[in-house]
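Each remark here refers to the structure printed beneath this line.
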Amino acid sequence: MSARGGHREITVGGRRVDVTRPGKELFPEDGITKGDLVDYYRSVAGPMLTHLKGRPLAMERYPDGYRGKSFFHKKVPPYFPDWIHRERVPKEGGSLDMTVCDDTATLAYLANQACLTPHLWLSRADHLDRPDRMIFDLDPPGEDFALVRETARELRELLAQLGLKPLVMTTGSRGAHVLVPLDGSADFDAVRAFAREIAEVMAARRPDRLTTEVRKNRRGDRLYLDVQRNAFAQTSVAPYAVRARPHAPVATPLAWDELDDGVGPRDFTLATLPSRLESRGDPWPSLRRMRRSARRAERELKRMR
């Protein structure tokens with residue numbers, strides 16, 4: 001590693017990445033700099049790349065820090081180096097080239113672009129129309145994470161009854177994601193319809209606490225079971241991604257028993273997550289073995305109903 005002027009040059013996987021203005025503060029209350037962001041993403045690259053590899057991503061960028069103006073960057077900028085993987089994806093009226101983060105050097109480069117939060121497709125580049133994960137976004141009406149924990153456990157029980165293997169992750173914001181690994185045999189329309197069915201079953205069981213109402217002004221004090229991400233070209237926050245919130249909280253995969261320990265949605269941060277990984281390891285090491293058929297689970301749901 002070498003520093004020169006307003007730059008810090010690092011070598012990652014045999015590639016040189018120039019970190020510009022490494023001392024620029026992105027989270028000024030905590031003194032967290034762009035250099036710290038690059039170092040964080042390098043430290044979590046092992047487990048994080050298992051989710052990033054092979055998937056188009058959108059970059060949520062904050063060039064002036066997390067309180068500054070931000071933008072979503074989907075198209076690969078022309079100045080990105082040639083060694084960064086690009087994937088052409090269809091869009092209305094044409095197509096665009098999106099970034100695919102396949103290695104630690106790319107992850108470090110994105111951090112240098114002030115990409116605080118990568119957002120991932122639910123499908124892989126080689127099968128763009130076949131999602132291999134289903135997402136339930138548990139969005140509470142306020143800061144009541146107890147309701148999130150309770151809903152996540154109930155959702156897990158229902159999904160397990162359908163033969164699925166759900167996982168849970170804090171989002172680094174207010175809620176949690178329940179992620180279901182799929183085998184990719186169903187297309188987005190089928191998966192989204194199935195996710196909606198499950199959400200409706202959950203809401204019907206607890207109409208006073210849960211809702212599938214998209215319009216916020218009609219939800220009242222109920223938790224919103226959001227399945228809108230399960231559509232073609234929609235994205236979801238990547239596991240281990242930093243969020244643009246005070247103290248740099250991180251979207252953190254959990255073991256299910258951690259919900260019982262009273263964990264909160266922003267308990268893990270850029271500063272604490274690396275030591276958590278070192279002491280506990282990755283709680284989601286075997287997603288490939290957990291993939292199941294959405295179509296088979298949907299048939300089981302219809303049988304149950």
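Just remember, in the structure tokens the first chain shown is A, the second B, etc., residues are 1-based per chain, and ligands are 1-based in the order shown.
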
Would you mind listing what lies within 9 Å of Glu87 of chain A as a short mmCIF file (atom, residue, chain, number, x, y, z; two decimals) with N, CA and C atoms, in the first residue's frame, with only C-alpha atoms counted and same-chain residues fewer than 4 positions away left out?
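The result, written out as selection_17.cif:
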```cif
data_model
loop_
_atom_site.label_atom_id
_atom_site.label_comp_id
_atom_site.auth_asym_id
_atom_site.auth_seq_id
_atom_site.Cartn_x
_atom_site.Cartn_y
_atom_site.Cartn_z
N ARG A 55 -24.30 -11.19 -10.26
CA ARG A 55 -25.57 -10.46 -10.24
C ARG A 55 -25.38 -9.01 -10.66
N PRO A 56 -26.21 -8.50 -11.56
CA PRO A 56 -26.17 -7.05 -11.82
C PRO A 56 -26.49 -6.29 -10.54
N LEU A 96 -29.12 -1.69 -21.07
CA LEU A 96 -28.02 -0.95 -20.47
C LEU A 96 -27.02 -1.93 -19.89
N ASP A 97 -25.78 -1.47 -19.77
CA ASP A 97 -24.73 -2.27 -19.17
C ASP A 97 -24.66 -1.96 -17.68
N MET A 98 -24.77 -3.00 -16.85
CA MET A 98 -24.73 -2.84 -15.41
C MET A 98 -23.47 -3.51 -14.85
N THR A 99 -23.03 -3.01 -13.72
CA THR A 99 -21.87 -3.57 -13.04
C THR A 99 -22.21 -4.91 -12.41
N VAL A 100 -21.28 -5.86 -12.48
CA VAL A 100 -21.35 -7.11 -11.73
C VAL A 100 -20.08 -7.18 -10.90
N ALA A 125 -26.88 -13.16 -13.73
CA ALA A 125 -26.74 -12.64 -15.09
C ALA A 125 -26.99 -13.71 -16.14
#
```

Spatial neighbours of segment 150-161 of chain A, 8 Å, only C-alpha atoms, chain gap at least 5 places, as a PyMOL selection string: chain A and resi 138+166-168+176+178+202

Using N, CA and C atoms, can you write the selected residues to a file as an mmCIF file, in the first residue's frame?
```
data_model
loop_
_atom_site.group_PDB
_atom_site.id
_atom_site.type_symbol
_atom_site.label_atom_id
_atom_site.label_comp_id
_atom_site.auth_asym_id
_atom_site.auth_seq_id
_atom_site.Cartn_x
_atom_site.Cartn_y
_atom_site.Cartn_z
ATOM 1 N N LEU A 138 -39.873 -6.684 5.719
ATOM 2 C CA LEU A 138 -40.760 -6.421 6.861
ATOM 3 C C LEU A 138 -40.559 -4.980 7.284
ATOM 4 N N PRO A 166 -35.991 -20.465 4.955
ATOM 5 C CA PRO A 166 -35.839 -19.011 5.044
ATOM 6 C C PRO A 166 -34.662 -18.586 5.914
ATOM 7 N N LEU A 167 -34.157 -17.396 5.633
ATOM 8 C CA LEU A 167 -33.077 -16.757 6.378
ATOM 9 C C LEU A 167 -33.526 -15.358 6.760
ATOM 10 N N VAL A 168 -32.868 -14.768 7.748
ATOM 11 C CA VAL A 168 -33.266 -13.443 8.205
ATOM 12 C C VAL A 168 -32.054 -12.524 8.269
ATOM 13 N N ALA A 176 -36.456 -5.655 8.606
ATOM 14 C CA ALA A 176 -35.669 -6.861 8.344
ATOM 15 C C ALA A 176 -36.113 -7.448 7.022
ATOM 16 N N VAL A 178 -36.590 -11.178 5.163
ATOM 17 C CA VAL A 178 -36.576 -12.634 5.192
ATOM 18 C C VAL A 178 -36.296 -13.084 3.765
ATOM 19 N N MET A 202 -50.395 -14.367 5.729
ATOM 20 C CA MET A 202 -49.898 -13.802 6.980
ATOM 21 C C MET A 202 -50.793 -12.654 7.451
#
```

Would you mind listing, for every residue of segment 148-202 of chain A within 12 Å of segment 221-241 of chain A, the two atoms forming the shortest contact and the distance between them in Å to one decimal, using only C-alpha atoms, sorted by chain and ascending residue number, as a tab-separated table?
```
residue	atom	partner	partner_atom	distance
A:Val148	CA	A:Leu223	CA	7.6
A:Arg149	CA	A:Leu223	CA	11.2
A:Glu150	CA	A:Leu223	CA	10.8
A:Thr151	CA	A:Leu223	CA	8.6
A:Ala152	CA	A:Leu225	CA	10.2
A:Leu155	CA	A:Leu225	CA	10.2
A:Leu167	CA	A:Pro239	CA	11.5
A:Val168	CA	A:Pro239	CA	10.4
A:Met169	CA	A:Pro239	CA	7.6
A:Thr170	CA	A:Pro239	CA	8.9
A:Thr171	CA	A:Val237	CA	7.5
A:Gly172	CA	A:Ala241	CA	8.5
A:Ser173	CA	A:Val237	CA	10.7
A:Arg174	CA	A:Leu223	CA	11.2
A:Gly175	CA	A:Leu223	CA	9.5
A:Ala176	CA	A:Leu225	CA	10.5
A:His177	CA	A:Ser236	CA	9.3
A:Val178	CA	A:Leu225	CA	10.4
A:Leu179	CA	A:Ser236	CA	10.2
A:Val180	CA	A:Asn230	CA	11.2
A:Ala186	CA	A:Asn230	CA	11.8
A:Asp187	CA	A:Phe232	CA	8.8
A:Phe188	CA	A:Ala231	CA	5.4
A:Asp189	CA	A:Ala231	CA	6.7
A:Ala190	CA	A:Ala231	CA	9.4
A:Val191	CA	A:Asn230	CA	6.8
A:Arg192	CA	A:Asn230	CA	5.0
A:Ala193	CA	A:Asn230	CA	8.7
A:Phe194	CA	A:Val227	CA	9.6
A:Ala195	CA	A:Val227	CA	6.2
A:Arg196	CA	A:Val227	CA	6.3
A:Glu197	CA	A:Val227	CA	9.8
A:Ile198	CA	A:Val227	CA	9.5
A:Ala199	CA	A:Leu225	CA	6.1
A:Glu200	CA	A:Leu225	CA	8.6
A:Val201	CA	A:Leu225	CA	10.7
A:Met202	CA	A:Leu225	CA	8.6
```

Just-selected residues, N, CA, C and O atoms written as a short mmCIF file (atom, residue, chain, number, x, y, z; two decimals), in the first residue's frame:
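Saved file selection.cif follows:
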```
data_model
loop_
_atom_site.label_atom_id
_atom_site.label_comp_id
_atom_site.auth_asym_id
_atom_site.auth_seq_id
_atom_site.Cartn_x
_atom_site.Cartn_y
_atom_site.Cartn_z
N VAL A 148 -41.30 -6.60 14.28
CA VAL A 148 -40.54 -7.19 13.18
C VAL A 148 -40.06 -8.59 13.56
O VAL A 148 -40.18 -9.54 12.79
N ARG A 149 -39.48 -8.71 14.76
CA ARG A 149 -38.98 -10.01 15.22
C ARG A 149 -40.12 -11.04 15.27
O ARG A 149 -39.97 -12.18 14.82
N GLU A 150 -41.25 -10.62 15.82
CA GLU A 150 -42.40 -11.52 15.95
C GLU A 150 -42.89 -11.96 14.57
O GLU A 150 -43.16 -13.15 14.34
N THR A 151 -42.99 -11.03 13.63
CA THR A 151 -43.47 -11.35 12.29
C THR A 151 -42.49 -12.25 11.56
O THR A 151 -42.88 -13.19 10.86
N ALA A 152 -41.19 -11.98 11.70
CA ALA A 152 -40.18 -12.81 11.05
C ALA A 152 -40.28 -14.25 11.52
O ALA A 152 -40.18 -15.19 10.71
N LEU A 155 -43.40 -15.83 9.99
CA LEU A 155 -43.18 -16.07 8.57
C LEU A 155 -42.26 -17.27 8.36
O LEU A 155 -42.48 -18.09 7.47
N LEU A 167 -34.16 -17.40 5.63
CA LEU A 167 -33.08 -16.76 6.38
C LEU A 167 -33.53 -15.36 6.76
O LEU A 167 -34.45 -14.80 6.16
N VAL A 168 -32.87 -14.77 7.75
CA VAL A 168 -33.27 -13.44 8.20
C VAL A 168 -32.05 -12.52 8.27
O VAL A 168 -30.94 -12.95 8.58
N MET A 169 -32.30 -11.24 7.95
CA MET A 169 -31.24 -10.24 7.91
C MET A 169 -31.79 -8.90 8.37
O MET A 169 -32.88 -8.49 7.95
N THR A 170 -31.07 -8.22 9.25
CA THR A 170 -31.42 -6.83 9.52
C THR A 170 -31.06 -6.01 8.28
O THR A 170 -30.14 -6.35 7.54
N THR A 171 -31.79 -4.92 8.05
CA THR A 171 -31.52 -4.11 6.85
C THR A 171 -30.59 -2.94 7.13
O THR A 171 -30.17 -2.26 6.21
N GLY A 172 -30.29 -2.68 8.41
CA GLY A 172 -29.52 -1.49 8.74
C GLY A 172 -30.39 -0.25 8.76
O GLY A 172 -29.89 0.85 9.03
N SER A 173 -31.67 -0.41 8.52
CA SER A 173 -32.62 0.71 8.60
C SER A 173 -33.59 0.42 9.74
O SER A 173 -33.18 0.30 10.88
N ARG A 174 -34.89 0.24 9.43
CA ARG A 174 -35.86 -0.01 10.50
C ARG A 174 -36.32 -1.45 10.60
O ARG A 174 -36.75 -1.89 11.65
N GLY A 175 -36.27 -2.15 9.46
CA GLY A 175 -36.90 -3.46 9.43
C GLY A 175 -35.94 -4.60 9.24
O GLY A 175 -34.78 -4.56 9.65
N ALA A 176 -36.46 -5.66 8.61
CA ALA A 176 -35.67 -6.86 8.34
C ALA A 176 -36.11 -7.45 7.02
O ALA A 176 -37.23 -7.20 6.54
N HIS A 177 -35.24 -8.23 6.42
CA HIS A 177 -35.57 -9.01 5.25
C HIS A 177 -35.58 -10.48 5.63
O HIS A 177 -34.69 -10.96 6.33
N VAL A 178 -36.59 -11.18 5.16
CA VAL A 178 -36.58 -12.63 5.19
C VAL A 178 -36.30 -13.08 3.76
O VAL A 178 -37.05 -12.76 2.84
N LEU A 179 -35.18 -13.79 3.59
CA LEU A 179 -34.72 -14.22 2.28
C LEU A 179 -34.94 -15.72 2.14
O LEU A 179 -34.62 -16.48 3.07
N VAL A 180 -35.47 -16.12 0.99
CA VAL A 180 -35.74 -17.54 0.74
C VAL A 180 -34.94 -17.97 -0.49
O VAL A 180 -35.22 -17.51 -1.60
N ALA A 186 -38.69 -21.17 -11.41
CA ALA A 186 -39.85 -20.33 -11.68
C ALA A 186 -39.40 -18.94 -12.11
O ALA A 186 -38.34 -18.46 -11.70
N ASP A 187 -40.21 -18.29 -12.95
CA ASP A 187 -39.86 -16.94 -13.40
C ASP A 187 -40.33 -15.90 -12.39
O ASP A 187 -40.96 -16.22 -11.37
N PHE A 188 -40.01 -14.64 -12.67
CA PHE A 188 -40.32 -13.58 -11.72
C PHE A 188 -41.82 -13.43 -11.47
O PHE A 188 -42.24 -13.21 -10.32
N ASP A 189 -42.62 -13.54 -12.51
CA ASP A 189 -44.06 -13.37 -12.32
C ASP A 189 -44.60 -14.42 -11.35
O ASP A 189 -45.42 -14.12 -10.46
N ALA A 190 -44.14 -15.66 -11.52
CA ALA A 190 -44.62 -16.74 -10.64
C ALA A 190 -44.14 -16.54 -9.21
O ALA A 190 -44.90 -16.73 -8.25
N VAL A 191 -42.88 -16.14 -9.04
CA VAL A 191 -42.34 -15.96 -7.70
C VAL A 191 -43.02 -14.79 -7.00
O VAL A 191 -43.37 -14.87 -5.81
N ARG A 192 -43.24 -13.70 -7.72
CA ARG A 192 -43.88 -12.55 -7.10
C ARG A 192 -45.31 -12.89 -6.69
O ARG A 192 -45.76 -12.51 -5.61
N ALA A 193 -46.04 -13.61 -7.55
CA ALA A 193 -47.42 -14.00 -7.21
C ALA A 193 -47.43 -14.91 -5.99
O ALA A 193 -48.30 -14.78 -5.10
N PHE A 194 -46.47 -15.81 -5.91
CA PHE A 194 -46.36 -16.72 -4.76
C PHE A 194 -46.05 -15.94 -3.49
O PHE A 194 -46.67 -16.17 -2.44
N ALA A 195 -45.11 -15.00 -3.57
CA ALA A 195 -44.77 -14.18 -2.41
C ALA A 195 -45.99 -13.38 -1.94
O ALA A 195 -46.23 -13.24 -0.73
N ARG A 196 -46.77 -12.89 -2.89
CA ARG A 196 -47.98 -12.13 -2.53
C ARG A 196 -48.98 -13.02 -1.81
O ARG A 196 -49.61 -12.61 -0.83
N GLU A 197 -49.13 -14.25 -2.29
CA GLU A 197 -50.03 -15.20 -1.62
C GLU A 197 -49.62 -15.42 -0.17
O GLU A 197 -50.46 -15.42 0.74
N ILE A 198 -48.33 -15.63 0.04
CA ILE A 198 -47.84 -15.87 1.40
C ILE A 198 -48.10 -14.65 2.28
O ILE A 198 -48.55 -14.78 3.42
N ALA A 199 -47.81 -13.47 1.75
CA ALA A 199 -48.04 -12.25 2.52
C ALA A 199 -49.51 -12.08 2.87
O ALA A 199 -49.86 -11.66 3.98
N GLU A 200 -50.39 -12.43 1.94
CA GLU A 200 -51.83 -12.31 2.20
C GLU A 200 -52.28 -13.30 3.27
O GLU A 200 -53.14 -12.97 4.10
N VAL A 201 -51.71 -14.50 3.26
CA VAL A 201 -52.03 -15.47 4.31
C VAL A 201 -51.60 -14.92 5.67
O VAL A 201 -52.35 -14.98 6.66
N MET A 202 -50.39 -14.37 5.73
CA MET A 202 -49.90 -13.80 6.98
C MET A 202 -50.79 -12.65 7.45
O MET A 202 -51.15 -12.58 8.64
#
```

Backbone-only DSSP, alpha helix (DSSP H) members of segment 81-192 of chain A, as a PyMOL selection string: chain A and resi 104-112+145-161+188-192

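Atom CA of Leu37 of chain A lies 13.5 Å from atom CA of Ile10 of chain A.
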
DSSP strand (DSSP E or B) residues within segment 25-229 of chain A, as a count of residues only: 62

Pick from A:Ala244, A:Asp126, A:Val17, A:Pro47 nearest to Tyr66 of chain A, counting only C-alpha atoms: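 Under the stated criterion, the closest residue is A:Ala244.
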
Residue nearest Glu213 of chain A among A:Gly93, A:Asp139, A:Arg16, A:Met48 (counting only C-alpha atoms):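 Closest candidate: A:Asp139.
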
Among the residues A:Arg266, A:Arg219, A:Lys24, A:Lys165, the one that comes closest to Pro140 of chain A [using only C-alpha atoms]: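 For Pro140 of chain A, the nearest of the given residues is A:Arg219.
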
Residue with smallest distance to Pro141 of chain A - pool A:Gly220, A:Gly54, A:Gly35, A:Pro28, counting only C-alpha atoms: A:Gly220

Spatial neighbours of Asp102 of chain A, max dist 10 Å, only C-alpha atoms, sep filter under 6 positions, as an MDAnalysis selection string: chainID A and resid 49:55 84:85

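The smallest atom-to-atom distance between His7 of chain A and any of A:Arg206, A:Met59, A:Gly264, A:Val19, using only C-alpha atoms, is found for A:Val19.
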
Who sits within 10 Å of Ala271 of chain A, only C-alpha atoms, same chain under 3 positions skipped, as a VMD selection string: chain A and resid 30 32 36 to 37 40 247 to 250 268 274 to 276

Option closest in space to Leu116 of chain A, from A:Ala297, A:Leu26, A:Leu277, A:Met304 [counting only C-alpha atoms]: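 Closest to Leu116 of chain A of all the choices is A:Leu26.
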
Surrounding residues of Trp284 of chain A excluding itself and chain neighbours under 6 positions, 8 Å, only C-alpha atoms, as a PDB file with N, CA and C atoms, in the first residue's frame:
```pdb
ATOM      1  N   LEU A 167     -34.157 -17.396   5.633  1.00  0.00           N
ATOM      2  CA  LEU A 167     -33.077 -16.757   6.378  1.00  0.00           C
ATOM      3  C   LEU A 167     -33.526 -15.358   6.760  1.00  0.00           C
ATOM      4  N   PRO A 253     -26.705 -10.377   7.973  1.00  0.00           N
ATOM      5  CA  PRO A 253     -27.292 -11.710   8.096  1.00  0.00           C
ATOM      6  C   PRO A 253     -27.219 -12.208   9.542  1.00  0.00           C
ATOM      7  N   LEU A 254     -28.295 -12.855   9.987  1.00  0.00           N
ATOM      8  CA  LEU A 254     -28.383 -13.354  11.353  1.00  0.00           C
ATOM      9  C   LEU A 254     -28.650 -14.849  11.358  1.00  0.00           C
ATOM     10  N   ALA A 255     -28.278 -15.486  12.440  1.00  0.00           N
ATOM     11  CA  ALA A 255     -28.823 -16.800  12.765  1.00  0.00           C
ATOM     12  C   ALA A 255     -30.192 -16.567  13.413  1.00  0.00           C
TER      13      ALA A 255
END
```

Interatomic distance (Å, one decimal) between atom CA of Phe72 of chain A and atom CA of Leu128 of chain A: 20.3 Å

Arg292 of chain A environment, 8 Å, only C-alpha atoms, sequence neighbours closer than 3 positions dropped, as a list of chain:residue names: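 So the residues in contact are A:Gly163, A:Leu164, A:Lys165, A:Pro181, A:Leu182, A:Asp183.
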
Keeping only N, CA and C atoms, take the residues you just selected and write them out as a PDB file, in the first residue's frame.
```pdb
ATOM      1  N   GLY A 163     -41.858 -26.273   3.075  1.00  0.00           N
ATOM      2  CA  GLY A 163     -40.657 -26.949   2.622  1.00  0.00           C
ATOM      3  C   GLY A 163     -39.525 -26.026   2.236  1.00  0.00           C
ATOM      4  N   LEU A 164     -39.623 -24.743   2.577  1.00  0.00           N
ATOM      5  CA  LEU A 164     -38.603 -23.760   2.223  1.00  0.00           C
ATOM      6  C   LEU A 164     -37.643 -23.541   3.388  1.00  0.00           C
ATOM      7  N   LYS A 165     -36.502 -22.897   3.093  1.00  0.00           N
ATOM      8  CA  LYS A 165     -35.438 -22.685   4.071  1.00  0.00           C
ATOM      9  C   LYS A 165     -35.165 -21.190   4.230  1.00  0.00           C
ATOM     10  N   PRO A 181     -33.933 -18.829  -0.338  1.00  0.00           N
ATOM     11  CA  PRO A 181     -33.198 -19.335  -1.503  1.00  0.00           C
ATOM     12  C   PRO A 181     -34.097 -20.223  -2.371  1.00  0.00           C
ATOM     13  N   LEU A 182     -34.058 -19.984  -3.689  1.00  0.00           N
ATOM     14  CA  LEU A 182     -34.873 -20.735  -4.642  1.00  0.00           C
ATOM     15  C   LEU A 182     -33.978 -21.453  -5.652  1.00  0.00           C
ATOM     16  N   ASP A 183     -34.564 -22.434  -6.335  1.00  0.00           N
ATOM     17  CA  ASP A 183     -33.773 -23.203  -7.295  1.00  0.00           C
ATOM     18  C   ASP A 183     -33.792 -22.610  -8.703  1.00  0.00           C
TER      19      ASP A 183
END
```
